>>> print(open('model38.txt').read())   # compact mmCIF, C-alpha atoms
# COMPACT_ATOMS: atom_id res chain seq x y z
CA PHE K 41 66.87 -93.52 -63.02
CA TYR K 42 66.05 -92.45 -59.44
CA LYS K 43 69.67 -92.03 -58.66
CA LYS K 44 70.00 -89.72 -61.65
CA TRP K 45 67.09 -87.52 -60.48
CA TRP K 46 68.41 -87.53 -56.99
CA PHE K 47 71.71 -86.28 -58.25
CA ILE K 48 70.04 -83.59 -60.30
CA LEU K 49 67.90 -82.54 -57.33
CA LEU K 50 70.95 -82.36 -55.11
CA ALA K 51 72.74 -80.26 -57.66
CA ILE K 52 69.78 -77.87 -57.87
CA ILE K 53 69.68 -77.57 -54.07
CA LEU K 54 73.38 -76.85 -53.94
CA ILE K 55 73.00 -74.16 -56.60
CA PHE K 56 70.18 -72.49 -54.61
CA ILE K 57 72.26 -72.64 -51.42
CA PHE K 58 75.18 -71.03 -53.23
CA ILE K 59 73.01 -68.28 -54.69
CA PHE K 60 71.34 -67.66 -51.35
CA SER K 61 74.68 -67.48 -49.59
CA ILE K 62 75.89 -64.83 -52.06
CA GLY K 63 72.71 -62.80 -51.70
CA GLY K 64 72.81 -63.14 -47.95
CA ASP K 65 76.36 -61.81 -47.83
CA SER K 66 75.24 -58.70 -49.65
CA ASP K 67 72.71 -58.03 -46.87
CA LYS K 68 75.31 -58.30 -44.09
CA PRO K 69 76.21 -55.03 -42.50
CA ASP K 70 79.39 -53.56 -43.76
CA ASN K 71 81.97 -53.63 -40.96
CA THR K 72 84.17 -51.03 -42.71
CA PRO K 73 84.47 -48.09 -40.36
CA GLU K 74 82.56 -45.10 -41.61
CA VAL K 75 84.78 -42.12 -42.31
CA LYS K 76 83.06 -38.84 -41.81
CA VAL K 77 84.48 -36.00 -43.80
CA GLU K 78 83.60 -32.75 -42.14
CA ALA K 79 83.76 -29.56 -44.10
CA PRO K 80 86.61 -27.43 -42.84
CA VAL K 81 85.41 -24.66 -40.58
CA VAL K 82 86.58 -21.39 -42.02
CA THR K 83 87.28 -19.00 -39.22
CA GLU K 84 87.77 -15.37 -40.04
CA PRO K 85 90.95 -13.95 -38.62
CA THR K 86 90.23 -12.17 -35.40
CA GLN K 87 90.82 -8.49 -35.61
CA ALA K 88 92.20 -6.59 -32.69
CA PRO K 89 89.62 -4.18 -31.34
CA VAL K 90 90.09 -0.76 -32.81
CA GLN K 91 91.17 1.57 -30.06
CA GLU K 92 89.75 5.03 -30.25
CA GLU K 93 92.38 7.72 -30.29
CA GLU K 94 92.41 9.71 -27.12
CA ALA K 95 91.41 13.30 -27.68
CA VAL K 96 94.33 15.63 -27.15
CA PRO K 97 93.27 18.25 -24.68
CA THR K 98 93.25 21.69 -26.16
CA THR K 99 95.28 24.10 -24.25
CA VAL K 100 93.87 27.64 -24.15
CA VAL K 101 96.59 30.22 -23.67
CA GLU K 102 95.40 33.22 -21.71
CA PRO K 103 97.07 36.64 -22.00
CA THR K 104 99.94 36.90 -19.52
CA ARG K 105 99.56 39.26 -16.62
CA SER K 106 102.82 41.01 -17.53
CA ALA K 107 101.35 42.00 -20.91
CA LEU K 108 98.37 43.67 -19.21
CA GLN K 109 99.96 44.94 -16.02
CA LYS K 110 100.53 48.65 -15.49
CA TYR K 111 103.60 49.68 -13.54
CA ALA K 112 103.68 52.69 -11.24
CA ILE K 113 105.84 55.79 -11.15
CA GLY K 114 109.15 54.99 -9.46
CA GLU K 115 108.85 51.25 -10.14
CA THR K 116 111.86 49.69 -11.88
CA VAL K 117 111.09 47.43 -14.83
CA ILE K 118 113.54 45.33 -16.86
CA VAL K 119 112.53 44.30 -20.36
CA ASP K 120 114.80 42.95 -23.13
CA ASP K 121 117.97 43.85 -21.17
CA VAL K 122 116.76 47.43 -20.73
CA GLN K 123 115.93 48.80 -17.29
CA VAL K 124 113.48 51.67 -17.23
CA VAL K 125 112.07 53.73 -14.37
CA ILE K 126 109.79 56.77 -14.46
CA ASN K 127 111.14 59.40 -12.10
CA GLU K 128 108.43 62.07 -12.29
CA VAL K 129 105.31 63.09 -14.21
CA LYS K 130 104.16 66.72 -14.19
CA GLU K 131 102.34 69.36 -16.15
CA VAL K 132 104.62 71.85 -17.91
CA PRO K 133 103.48 75.46 -18.33
CA GLY K 134 104.01 76.95 -21.77
CA THR K 135 106.31 79.83 -22.55
CA GLU K 136 105.68 83.03 -24.47
CA TYR K 137 106.68 81.32 -27.72
CA PHE K 138 106.00 77.67 -26.97
CA LYS K 139 102.63 76.99 -25.41
CA PRO K 140 99.91 74.35 -25.87
CA GLU K 141 96.85 75.01 -28.01
CA GLU K 142 93.63 76.23 -26.44
CA GLY K 143 92.05 73.46 -24.37
CA LYS K 144 95.31 71.46 -24.19
CA ARG K 145 98.26 71.10 -21.83
CA PHE K 146 101.83 69.85 -21.79
CA VAL K 147 102.55 66.74 -19.68
CA SER K 148 106.21 65.81 -19.11
CA VAL K 149 107.43 62.29 -18.27
CA ASP K 150 110.93 62.21 -16.77
CA LEU K 151 112.53 58.76 -17.05
CA THR K 152 115.84 56.90 -16.89
CA LEU K 153 116.94 54.03 -19.13
CA GLU K 154 119.84 51.67 -18.40
CA ASN K 155 121.40 49.14 -20.79
CA LEU K 156 121.91 45.82 -18.97
CA GLY K 157 122.81 43.92 -22.14
CA SER K 158 126.12 43.26 -23.88
CA THR K 159 125.44 45.30 -27.02
CA ASP K 160 124.56 48.93 -27.69
CA PHE K 161 120.91 49.91 -27.35
CA THR K 162 119.52 52.72 -29.50
CA VAL K 163 116.68 54.80 -28.07
CA SER K 164 114.15 56.62 -30.24
CA SER K 165 111.48 58.48 -28.31
CA LEU K 166 109.26 58.55 -31.39
CA LEU K 167 109.51 54.82 -32.13
CA LEU K 168 109.81 53.20 -28.70
CA PHE K 169 107.36 55.30 -26.64
CA SER K 170 103.68 56.17 -27.01
CA LEU K 171 101.06 57.76 -24.79
CA LYS K 172 97.38 56.76 -24.56
CA ASP K 173 94.42 57.94 -22.53
CA ASP K 174 91.56 55.84 -21.16
CA THR K 175 89.64 56.20 -24.44
CA GLY K 176 92.49 54.62 -26.42
CA GLN K 177 93.50 57.91 -28.04
CA GLU K 178 97.22 57.93 -28.80
CA TYR K 179 99.47 61.00 -28.63
CA SER K 180 102.88 61.78 -30.15
CA ILE K 181 105.87 63.56 -28.72
CA SER K 182 105.50 67.36 -28.76
CA ILE K 183 108.63 69.17 -29.87
CA SER K 184 107.15 72.46 -28.62
CA GLY K 185 106.49 70.86 -25.25
CA ILE K 186 110.07 69.59 -24.94
CA THR K 187 111.37 73.05 -25.77
CA ALA K 188 109.00 74.65 -23.27
CA SER K 189 110.12 72.23 -20.55
CA GLY K 190 113.76 73.11 -21.10
CA GLY K 191 114.66 69.42 -21.09
CA LYS K 192 115.82 66.93 -23.68
CA SER K 193 114.17 63.78 -24.96
CA PRO K 194 115.97 60.45 -24.24
CA ASP K 195 117.25 59.81 -27.76
CA GLY K 196 120.61 58.24 -28.56
CA THR K 197 122.70 55.13 -28.08
CA ILE K 198 123.30 53.58 -24.66
CA ILE K 199 126.43 51.44 -24.40
CA PRO K 200 126.33 48.34 -22.14
CA GLY K 201 126.19 49.31 -18.49
CA ASP K 202 125.43 52.97 -19.19
CA LYS K 203 122.31 55.08 -18.49
CA LEU K 204 120.33 57.76 -20.33
CA ARG K 205 117.87 60.17 -18.73
CA GLY K 206 115.44 62.45 -20.54
CA GLN K 207 111.95 63.92 -20.72
CA LEU K 208 109.04 62.94 -22.94
CA VAL K 209 106.55 65.78 -23.34
CA TYR K 210 103.08 65.30 -24.82
CA GLU K 211 100.38 67.82 -25.72
CA ILE K 212 97.02 66.43 -24.64
CA PRO K 213 93.47 67.75 -24.04
CA VAL K 214 92.95 69.13 -20.55
CA ASN K 215 90.09 66.67 -19.98
CA ALA K 216 92.12 63.59 -21.03
CA SER K 217 92.62 61.14 -18.17
CA GLY K 218 93.92 57.66 -17.42
CA LEU K 219 97.24 58.37 -19.15
CA VAL K 220 99.41 55.31 -19.83
CA LEU K 221 102.96 55.41 -21.21
CA ILE K 222 103.87 52.40 -23.36
CA PHE K 223 107.52 51.40 -23.81
CA GLU K 224 108.42 48.92 -26.57
CA PRO K 225 112.18 48.21 -26.69
CA ASN K 226 111.51 45.89 -29.61
CA ILE K 227 109.90 47.77 -32.51
CA LEU K 228 107.94 44.58 -33.35
CA GLY K 229 105.97 45.17 -30.16
CA SER K 230 106.66 41.71 -28.70
CA SER K 231 107.68 42.98 -25.24
CA ALA K 232 105.80 46.17 -24.45
CA VAL K 233 105.39 47.43 -20.87
CA ARG K 234 102.88 49.99 -19.59
CA PHE K 235 103.19 52.67 -16.94
CA ASP K 236 100.26 54.30 -15.16
CA LEU K 237 101.14 58.01 -15.06
CA GLY K 238 98.50 58.90 -12.49
CA PHE K 239 97.02 61.65 -14.67
>>> encode(input="model38.txt", output="structure tokens")
Amino acid sequence: FYKKWWFILLAIILIFIFIFSIGGDSDKPDNTPEVKVEAPVVTEPTQAPVQEEEAVPTTVVEPTRSALQKYAIGETVIVDDVQVVINEVKEVPGTEYFKPEEGKRFVSVDLTLENLGSTDFTVSSLLLFSLKDDTGQEYSISISGITASGGKSPDGTIIPGDKLRGQLVYEIPVNASGLVLIFEPNILGSSAVRFDLGF
């Protein structure tokens, strides 16, 4: 009978040891290496720094001196393949039949034109020449003045290498001053030259 209880007691002890061993194993630290999963770092694509556009310097074009310059009597000027020189400027007395109006006078401009180009050049005293005073008043050719002077206006065609001389006569007030003759070989006025007549 004692042997039977002893056997039962031993069996119970063995069962407890077995259960304890299983429970104890569950408390042992897990030796499995811990794997850390880190969230991927999202990096925004780097953008190249925006370079500011360099400001283009503004170029201010001033009027050229040649466009404002006044040439003197006797000075030779070449413009658009035409050479022009003013030979003489003088007052022309009227005649019995051709004389200036009261308070006016005839002023004659003697000049020579030469064609330095390779094509014919047509001269029109009415279209290519004009006279202004210091107030900006413009005057036209006077047919009566040309007749009174006994000369001839420089109108016609100049062949290459040839010259043409003539007189431009204007009827202007006696008190007009600062007379400037303007020559524009191009009727568009892109290459005008000015002559100070000394009147």
>>> atom_distance(input="model38.txt", atom1="atom CA of Leu221 of chain K", atom2="atom CA of Ile198 of chain K")
20.7 Å
>>> closest_residue(input="model38.txt", among="K:Ile126, K:Leu168, K:Ile118, K:Val149", to="Asp195 of chain K", atoms="all atoms listed in the file")
K:Leu168
>>> atom_distance(input="model38.txt", atom1="atom CA of Lys130 of chain K", atom2="atom CA of Ser164 of chain K")
21.4 Å
>>> residues_around(input="model38.txt", residues="Glu154 of chain K", least_positions_apart="6", cutoff="12 Å", atoms="all atoms listed in the file", output="list in words")
Thr116, Val117, Ile118, Val119, Asp120, Asp121, Val122, Gln123, Val124, Val125, Ile126, Asp160, Phe161, Thr162, Val163, Pro194, Thr197, Ile198, Ile199, Pro200, Gly201, Asp202, Lys203, Leu204, Arg205, Gly206 and Pro225 of chain K
>>> atom_distance(input="model38.txt", atom1="atom CA of Val233 of chain K", atom2="atom CA of Ser158 of chain K")
21.4 Å
>>> closest_residue(input="model38.txt", among="K:Pro213, K:Gly185, K:Gly157, K:Pro133", to="Lys172 of chain K", atoms="all atoms listed in the file")
K:Pro213
>>> residues_around(input="model38.txt", residues="Glu141 of chain K", least_positions_apart="3", cutoff="12 Å", atoms="only C-alpha atoms", output="MDAnalysis selection string")
chainID K and resid 133:135 137:138 144:146 182 184:185 210:214
>>> decode(input="model38.txt", residues="segment 141-162 of chain K", atoms="N, CA, C and O atoms", output="short mmCIF file (atom, residue, chain, number, x, y, z; two decimals), in the first residue's frame")
data_model
loop_
_atom_site.label_atom_id
_atom_site.label_comp_id
_atom_site.auth_asym_id
_atom_site.auth_seq_id
_atom_site.Cartn_x
_atom_site.Cartn_y
_atom_site.Cartn_z
N GLU K 141 8.78 141.59 -101.60
CA GLU K 141 7.70 142.37 -100.99
C GLU K 141 8.26 143.32 -99.95
O GLU K 141 9.41 143.18 -99.50
N GLU K 142 7.45 144.29 -99.56
CA GLU K 142 7.87 145.25 -98.54
C GLU K 142 8.23 144.52 -97.23
O GLU K 142 7.48 143.67 -96.76
N GLY K 143 9.38 144.83 -96.70
CA GLY K 143 9.83 144.22 -95.45
C GLY K 143 10.53 142.88 -95.65
O GLY K 143 10.85 142.20 -94.66
N LYS K 144 10.78 142.52 -96.93
CA LYS K 144 11.46 141.24 -97.23
C LYS K 144 12.66 141.48 -98.11
O LYS K 144 12.86 142.58 -98.65
N ARG K 145 13.46 140.44 -98.29
CA ARG K 145 14.67 140.51 -99.12
C ARG K 145 14.93 139.17 -99.78
O ARG K 145 14.45 138.13 -99.33
N PHE K 146 15.69 139.21 -100.85
CA PHE K 146 16.11 137.99 -101.54
C PHE K 146 17.48 137.57 -101.01
O PHE K 146 18.41 138.39 -100.95
N VAL K 147 17.63 136.30 -100.65
CA VAL K 147 18.92 135.75 -100.24
C VAL K 147 19.24 134.59 -101.18
O VAL K 147 18.45 133.65 -101.33
N SER K 148 20.41 134.66 -101.83
CA SER K 148 20.82 133.65 -102.80
C SER K 148 21.90 132.74 -102.21
O SER K 148 22.86 133.22 -101.57
N VAL K 149 21.73 131.43 -102.42
CA VAL K 149 22.71 130.44 -101.96
C VAL K 149 23.28 129.76 -103.20
O VAL K 149 22.58 129.01 -103.90
N ASP K 150 24.55 130.03 -103.48
CA ASP K 150 25.23 129.42 -104.62
C ASP K 150 25.92 128.14 -104.15
O ASP K 150 26.72 128.17 -103.20
N LEU K 151 25.62 127.03 -104.81
CA LEU K 151 26.20 125.74 -104.36
C LEU K 151 26.54 124.83 -105.54
O LEU K 151 26.06 125.04 -106.67
N THR K 152 27.38 123.83 -105.24
CA THR K 152 27.79 122.85 -106.25
C THR K 152 27.54 121.44 -105.71
O THR K 152 27.90 121.12 -104.57
N LEU K 153 26.93 120.61 -106.55
CA LEU K 153 26.66 119.21 -106.21
C LEU K 153 27.47 118.31 -107.14
O LEU K 153 27.60 118.60 -108.34
N GLU K 154 28.01 117.22 -106.59
CA GLU K 154 28.75 116.26 -107.40
C GLU K 154 28.27 114.84 -107.07
O GLU K 154 28.12 114.49 -105.90
N ASN K 155 28.03 114.05 -108.12
CA ASN K 155 27.56 112.67 -107.95
C ASN K 155 28.75 111.73 -107.84
O ASN K 155 29.46 111.48 -108.82
N LEU K 156 28.98 111.19 -106.65
CA LEU K 156 30.08 110.25 -106.42
C LEU K 156 29.64 108.79 -106.52
O LEU K 156 30.46 107.88 -106.35
N GLY K 157 28.36 108.58 -106.80
CA GLY K 157 27.83 107.22 -106.86
C GLY K 157 27.99 106.60 -108.24
O GLY K 157 28.67 107.14 -109.12
N SER K 158 27.34 105.45 -108.42
CA SER K 158 27.42 104.72 -109.69
C SER K 158 26.14 104.80 -110.49
O SER K 158 26.05 104.22 -111.57
N THR K 159 25.15 105.53 -109.98
CA THR K 159 23.89 105.70 -110.70
C THR K 159 23.54 107.18 -110.78
O THR K 159 24.08 108.00 -110.04
N ASP K 160 22.65 107.52 -111.68
CA ASP K 160 22.24 108.92 -111.85
C ASP K 160 21.59 109.44 -110.58
O ASP K 160 20.91 108.70 -109.85
N PHE K 161 21.80 110.72 -110.31
CA PHE K 161 21.18 111.37 -109.15
C PHE K 161 20.36 112.55 -109.64
O PHE K 161 20.88 113.44 -110.33
N THR K 162 19.07 112.56 -109.30
CA THR K 162 18.17 113.62 -109.74
C THR K 162 18.02 114.66 -108.64
O THR K 162 17.72 114.33 -107.49
#
